[in-house]
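Read the structure below first, then the notes.
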Amino acid sequence: MIGEHLVNGRSGTVVSPDDRGLTYGDGLFETVAVIDGEPRLWERHMDRMEAGARRLGMPPPPLTTIREEVRYLVRKASTGALKVLYTRGPGEGRGYRTPGRPLPTRILTLHEPPGYPPEYWQGADVRICETRLAPQARLAGLKHLNRLEQVLARSEWRDLAIAEGLMLDNNGFLVEGTATNIFAVRAGALITPPLDEAGVDGVVRQIVLKRAKEWGLPTEIRRIYPEEIPEMEEMFLTNSMIGLWPVRSVEGRPVARGPVADRFLAELAADCFVPPGIVGG
């Protein structure tokens with residue numbers, strides 16, 4: 001039910017203060033839309049968590065057990081935002097050295113769906129953040145627990161009229177939003193930044209790239225300078241909660257809404273929290 005949580009399958013249990021997810025951000029997480037009692041895009045979320053555990057040298061997450069725990073958690077809530085955290089578990093004394101035989105911790109929480117204004121799906125006004133994303137190839141693409149860059153970036157504004165902030169790397173290239181992936185359309189081609197040095201490889205980003213290939217839509221994964229924004233025919237943002245927000249303006253500079261964003265939004269609507277009447281309206 002909403003507000004309930006499980007730690008290693010037990011309700012009401014607290015996390016050890018020695019847990020490395022708490023002390024060092026040593027772990028991974030997924031945020032999953034629960035619609036009609038089902039965690040949407042589940043296999044993609046768990047594939048990413050499993051791949052992330054391999055890259056961090058953690059034991060593989062017990063996916064069957066986690067799935068059973070999710071069934072229990074959503075038993076009385078047909079809709080919600082599910083968060084699945086998987087940490088390396090308690091440390092062996094103080095220090096950064098990883099334990100020789102880690103005992104990972106599973107934390108599942110269920111929250112109300114995000115309450116974003118429906119207008120964001122019609123067109124989102126966004127800004128460019130001052131906080132930059134530092135390069136770290138070993139972590140690039142992962143949904144790891146180290147989110148301080150995003151926290152600092154999101155703290156730069158409180159105006160609800162601004163839906164999202166775009167983050168740059170140290171070289172001034174666009175990478176992602178604070179909680180979204182970035183796409184643009186130019187000369188009929190779909191463009192998205194590479195995530196080889198920073199950023200999260202979102203599950204909806206993966207779907208968009210897969211569908212673009214199936215539809216025969218030319219696609220480029222390349223660096224994007226902010227100065228290119230006026231030349232873009234469309235821009236849109238994606239994640240597994242919102243599905244897709246077409247970008248209406250960047251730093252007050254208008255961006256047109258177009259057919260590519262509309263097509264992808266219709267594709268994603270069933271598995272994300274897209275308000276009724278947005279698609280086909």
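Each chain in the structure tokens gets a letter, A, B and so on, in the order shown; residues start at 1 in every chain, and ligands are counted from 1 in the order they appear.
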_If we count only C-alpha atoms and set the cut-off at 8 Å, which residues sit around Thr192 in chain A, ignoring sequence neighbours fewer than 4 positions away in its own chain? Please answer as an MDAnalysis selection string._
chainID A and resid 182:184 220:224
Could you save the residues just selected, with C-alpha atoms, as a PDB file, in the first residue's frame?
```pdb
ATOM      1  CA  ILE A 182      17.140  14.563 -23.838  1.00  0.00           C
ATOM      2  CA  PHE A 183      16.118  14.088 -27.462  1.00  0.00           C
ATOM      3  CA  ALA A 184      16.052  16.546 -30.350  1.00  0.00           C
ATOM      4  CA  GLU A 220      22.337  10.170 -34.275  1.00  0.00           C
ATOM      5  CA  ILE A 221      23.965   9.663 -30.887  1.00  0.00           C
ATOM      6  CA  ARG A 222      26.258  12.653 -30.720  1.00  0.00           C
ATOM      7  CA  ARG A 223      27.329  15.660 -28.657  1.00  0.00           C
ATOM      8  CA  ILE A 224      24.911  18.595 -28.632  1.00  0.00           C
TER       9      ILE A 224
END
```
Find the residues around Glu50 in chain A up to 8 Å (only C-alpha atoms counted), leave out those fewer than 4 positions away in its own chain, and share them as an mmCIF file with C-alpha atoms, in the first residue's frame.
```
data_model
loop_
_atom_site.group_PDB
_atom_site.id
_atom_site.type_symbol
_atom_site.label_atom_id
_atom_site.label_comp_id
_atom_site.auth_asym_id
_atom_site.auth_seq_id
_atom_site.Cartn_x
_atom_site.Cartn_y
_atom_site.Cartn_z
ATOM 1 C CA MET A 46 15.489 -5.131 -13.732
ATOM 2 C CA ARG A 54 27.722 -6.497 -12.571
ATOM 3 C CA PRO A 60 23.277 -10.148 -8.773
ATOM 4 C CA PRO A 61 19.951 -8.883 -7.419
#
```
*asked:* as number ranges by chain, please: every residue in range 35-264 of chain A that a backbone DSSP assignment puts in strand (DSSP E or B).
replied: A: 35, 38-39, 80-87, 90, 105-111, 124-133, 141, 144, 162-169, 174-177, 181-186, 189-192, 200, 219-221, 234-239, 243-250, 253-254
*Pick out each residue of range 39-230 of chain A that DSSP on the backbone tags as alpha helix (DSSP H); I need them as a PyMOL selection string.*
chain A and resi 42-56+63-73+148-154+203-215
*Counting only C-alpha atoms, what is within 9 Å of Glu234 in chain A, bar same-chain residues fewer than 3 positions away, as a ChimeraX atom specification?*
/A:183-186,246-248,255-261
*Close residues, range 76-81 of chain A itself excluded, 12 Å, only C-alpha atoms, min 2 positions apart in chain, as a PyMOL selection string*: chain A and resi 1-4+30-40+70-74+83-84+108-115+240-242+271-273
Return as a Markdown table the residues of range 60-155 of chain A lying at most 10 Å from range 198-210 of chain A, together with the closest atom-to-atom pair for each and the distance in Å to one decimal, counting only C-alpha atoms, with rows in chain order and ascending residue number.
```
| residue | atom | partner | partner_atom | distance |
| --- | --- | --- | --- | --- |
| A:Leu133 | CA | A:Ala198 | CA | 6.5 |
| A:Ala134 | CA | A:Ala198 | CA | 6.8 |
| A:Pro135 | CA | A:Ala198 | CA | 5.4 |
| A:Gln136 | CA | A:Ala198 | CA | 6.1 |
| A:Ala137 | CA | A:Ala198 | CA | 6.7 |
| A:Arg138 | CA | A:Ala198 | CA | 9.1 |
| A:Leu139 | CA | A:Ala198 | CA | 7.2 |
| A:Ala140 | CA | A:Ala198 | CA | 4.4 |
| A:Gly141 | CA | A:Val200 | CA | 4.1 |
| A:Leu142 | CA | A:Val200 | CA | 5.4 |
| A:Lys143 | CA | A:Val200 | CA | 5.8 |
| A:His144 | CA | A:Val200 | CA | 8.6 |
```
Could the residues in this selection be saved with all heavy atoms as a compact mmCIF listing (two decimals), in the first residue's frame?
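Listing of result30.txt after writing:
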```txt
# COMPACT_ATOMS: atom_id res chain seq x y z
N LEU A 133 27.83 18.10 -14.88
CA LEU A 133 28.04 16.67 -14.65
C LEU A 133 29.50 16.33 -14.86
O LEU A 133 30.06 16.56 -15.94
CB LEU A 133 27.17 15.85 -15.60
CG LEU A 133 25.67 15.83 -15.30
CD1 LEU A 133 24.90 15.27 -16.50
CD2 LEU A 133 25.37 15.02 -14.06
N ALA A 134 30.13 15.78 -13.84
CA ALA A 134 31.54 15.40 -13.94
C ALA A 134 31.68 14.10 -14.72
O ALA A 134 30.85 13.19 -14.60
CB ALA A 134 32.14 15.24 -12.55
N PRO A 135 32.72 13.95 -15.52
CA PRO A 135 32.92 12.71 -16.26
C PRO A 135 33.39 11.58 -15.36
O PRO A 135 34.25 11.78 -14.50
CB PRO A 135 34.00 13.08 -17.29
CG PRO A 135 34.77 14.18 -16.64
CD PRO A 135 33.76 14.95 -15.82
N GLN A 136 32.81 10.41 -15.54
CA GLN A 136 33.25 9.21 -14.85
C GLN A 136 32.74 8.02 -15.66
O GLN A 136 31.60 7.57 -15.50
CB GLN A 136 32.73 9.16 -13.42
CG GLN A 136 33.10 7.90 -12.65
CD GLN A 136 34.56 7.51 -12.77
OE1 GLN A 136 34.93 6.72 -13.65
NE2 GLN A 136 35.39 8.07 -11.90
N ALA A 137 33.60 7.53 -16.54
CA ALA A 137 33.18 6.49 -17.48
C ALA A 137 32.72 5.22 -16.79
O ALA A 137 31.84 4.52 -17.29
CB ALA A 137 34.33 6.17 -18.45
N ARG A 138 33.28 4.91 -15.61
CA ARG A 138 32.92 3.66 -14.94
C ARG A 138 31.49 3.70 -14.39
O ARG A 138 30.89 2.65 -14.14
CB ARG A 138 33.91 3.34 -13.81
CG ARG A 138 35.29 2.98 -14.33
CD ARG A 138 36.13 2.34 -13.23
NE ARG A 138 35.59 1.06 -12.80
CZ ARG A 138 36.15 0.29 -11.87
NH1 ARG A 138 37.26 0.70 -11.27
NH2 ARG A 138 35.62 -0.86 -11.52
N LEU A 139 30.97 4.90 -14.18
CA LEU A 139 29.61 5.04 -13.66
C LEU A 139 28.62 5.50 -14.72
O LEU A 139 27.41 5.49 -14.47
CB LEU A 139 29.59 6.03 -12.49
CG LEU A 139 30.40 5.64 -11.26
CD1 LEU A 139 30.32 6.75 -10.22
CD2 LEU A 139 29.91 4.32 -10.67
N ALA A 140 29.11 5.92 -15.87
CA ALA A 140 28.24 6.49 -16.89
C ALA A 140 27.17 5.49 -17.31
O ALA A 140 27.45 4.31 -17.55
CB ALA A 140 29.07 6.92 -18.10
N GLY A 141 25.95 5.97 -17.41
CA GLY A 141 24.82 5.14 -17.81
C GLY A 141 24.10 4.49 -16.67
O GLY A 141 22.93 4.11 -16.81
N LEU A 142 24.76 4.32 -15.51
CA LEU A 142 24.16 3.59 -14.40
C LEU A 142 23.16 4.45 -13.64
O LEU A 142 23.31 5.66 -13.51
CB LEU A 142 25.24 3.12 -13.43
CG LEU A 142 26.30 2.15 -13.93
CD1 LEU A 142 27.21 1.74 -12.78
CD2 LEU A 142 25.67 0.93 -14.57
N LYS A 143 22.16 3.78 -13.07
CA LYS A 143 21.22 4.45 -12.16
C LYS A 143 21.73 4.19 -10.75
O LYS A 143 21.13 3.46 -9.95
CB LYS A 143 19.82 3.86 -12.36
CG LYS A 143 18.71 4.61 -11.64
CD LYS A 143 18.19 5.75 -12.44
CE LYS A 143 16.90 6.29 -11.83
NZ LYS A 143 16.37 7.43 -12.58
N HIS A 144 22.88 4.79 -10.42
CA HIS A 144 23.51 4.55 -9.12
C HIS A 144 22.97 5.54 -8.09
O HIS A 144 22.26 6.51 -8.43
CB HIS A 144 25.02 4.64 -9.23
CG HIS A 144 25.53 5.93 -9.80
ND1 HIS A 144 25.53 7.10 -9.08
CD2 HIS A 144 26.03 6.24 -11.03
CE1 HIS A 144 26.02 8.07 -9.82
NE2 HIS A 144 26.32 7.59 -11.01
```
_Distance criterion (only C-alpha atoms): nearest to Thr219 in chain A out of A:Leu56, A:Ile191, A:Ala124, A:Ala161_ =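 Ranking A:Leu56, A:Ile191, A:Ala124, A:Ala161 by distance to Thr219 in chain A, first place goes to A:Ile191.
For the set A:Glu130, A:Ala53, A:Ile66, A:Arg154, the residue with the smallest atom-to-atom gap to Asn170 in chain A is A:Glu130, counting only C-alpha atoms.
When only C-alpha atoms are used to compute distances to Pro117 in chain A, the closest of the residues A:Val15, A:Leu160, A:Val7, A:Leu168 turns out to be A:Leu160.
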*Counting only C-alpha atoms, figure out which residue out of A:Ser16, A:Arg127, A:Ala189, A:Glu214 gets nearest to Leu103 in chain A.*
A:Ser16
*Would you please work out which residue, of A:Trp121, A:Phe29, A:Tyr86, A:Trp42, is nearest to Pro59 in chain A when using only C-alpha atoms?*
A:Tyr86
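Minimum atom-to-atom distance to Gly123 in chain A, evaluated using only C-alpha atoms, belongs to A:Asp262 out of A:Asp47, A:Glu176, A:Asp262, A:Glu267.
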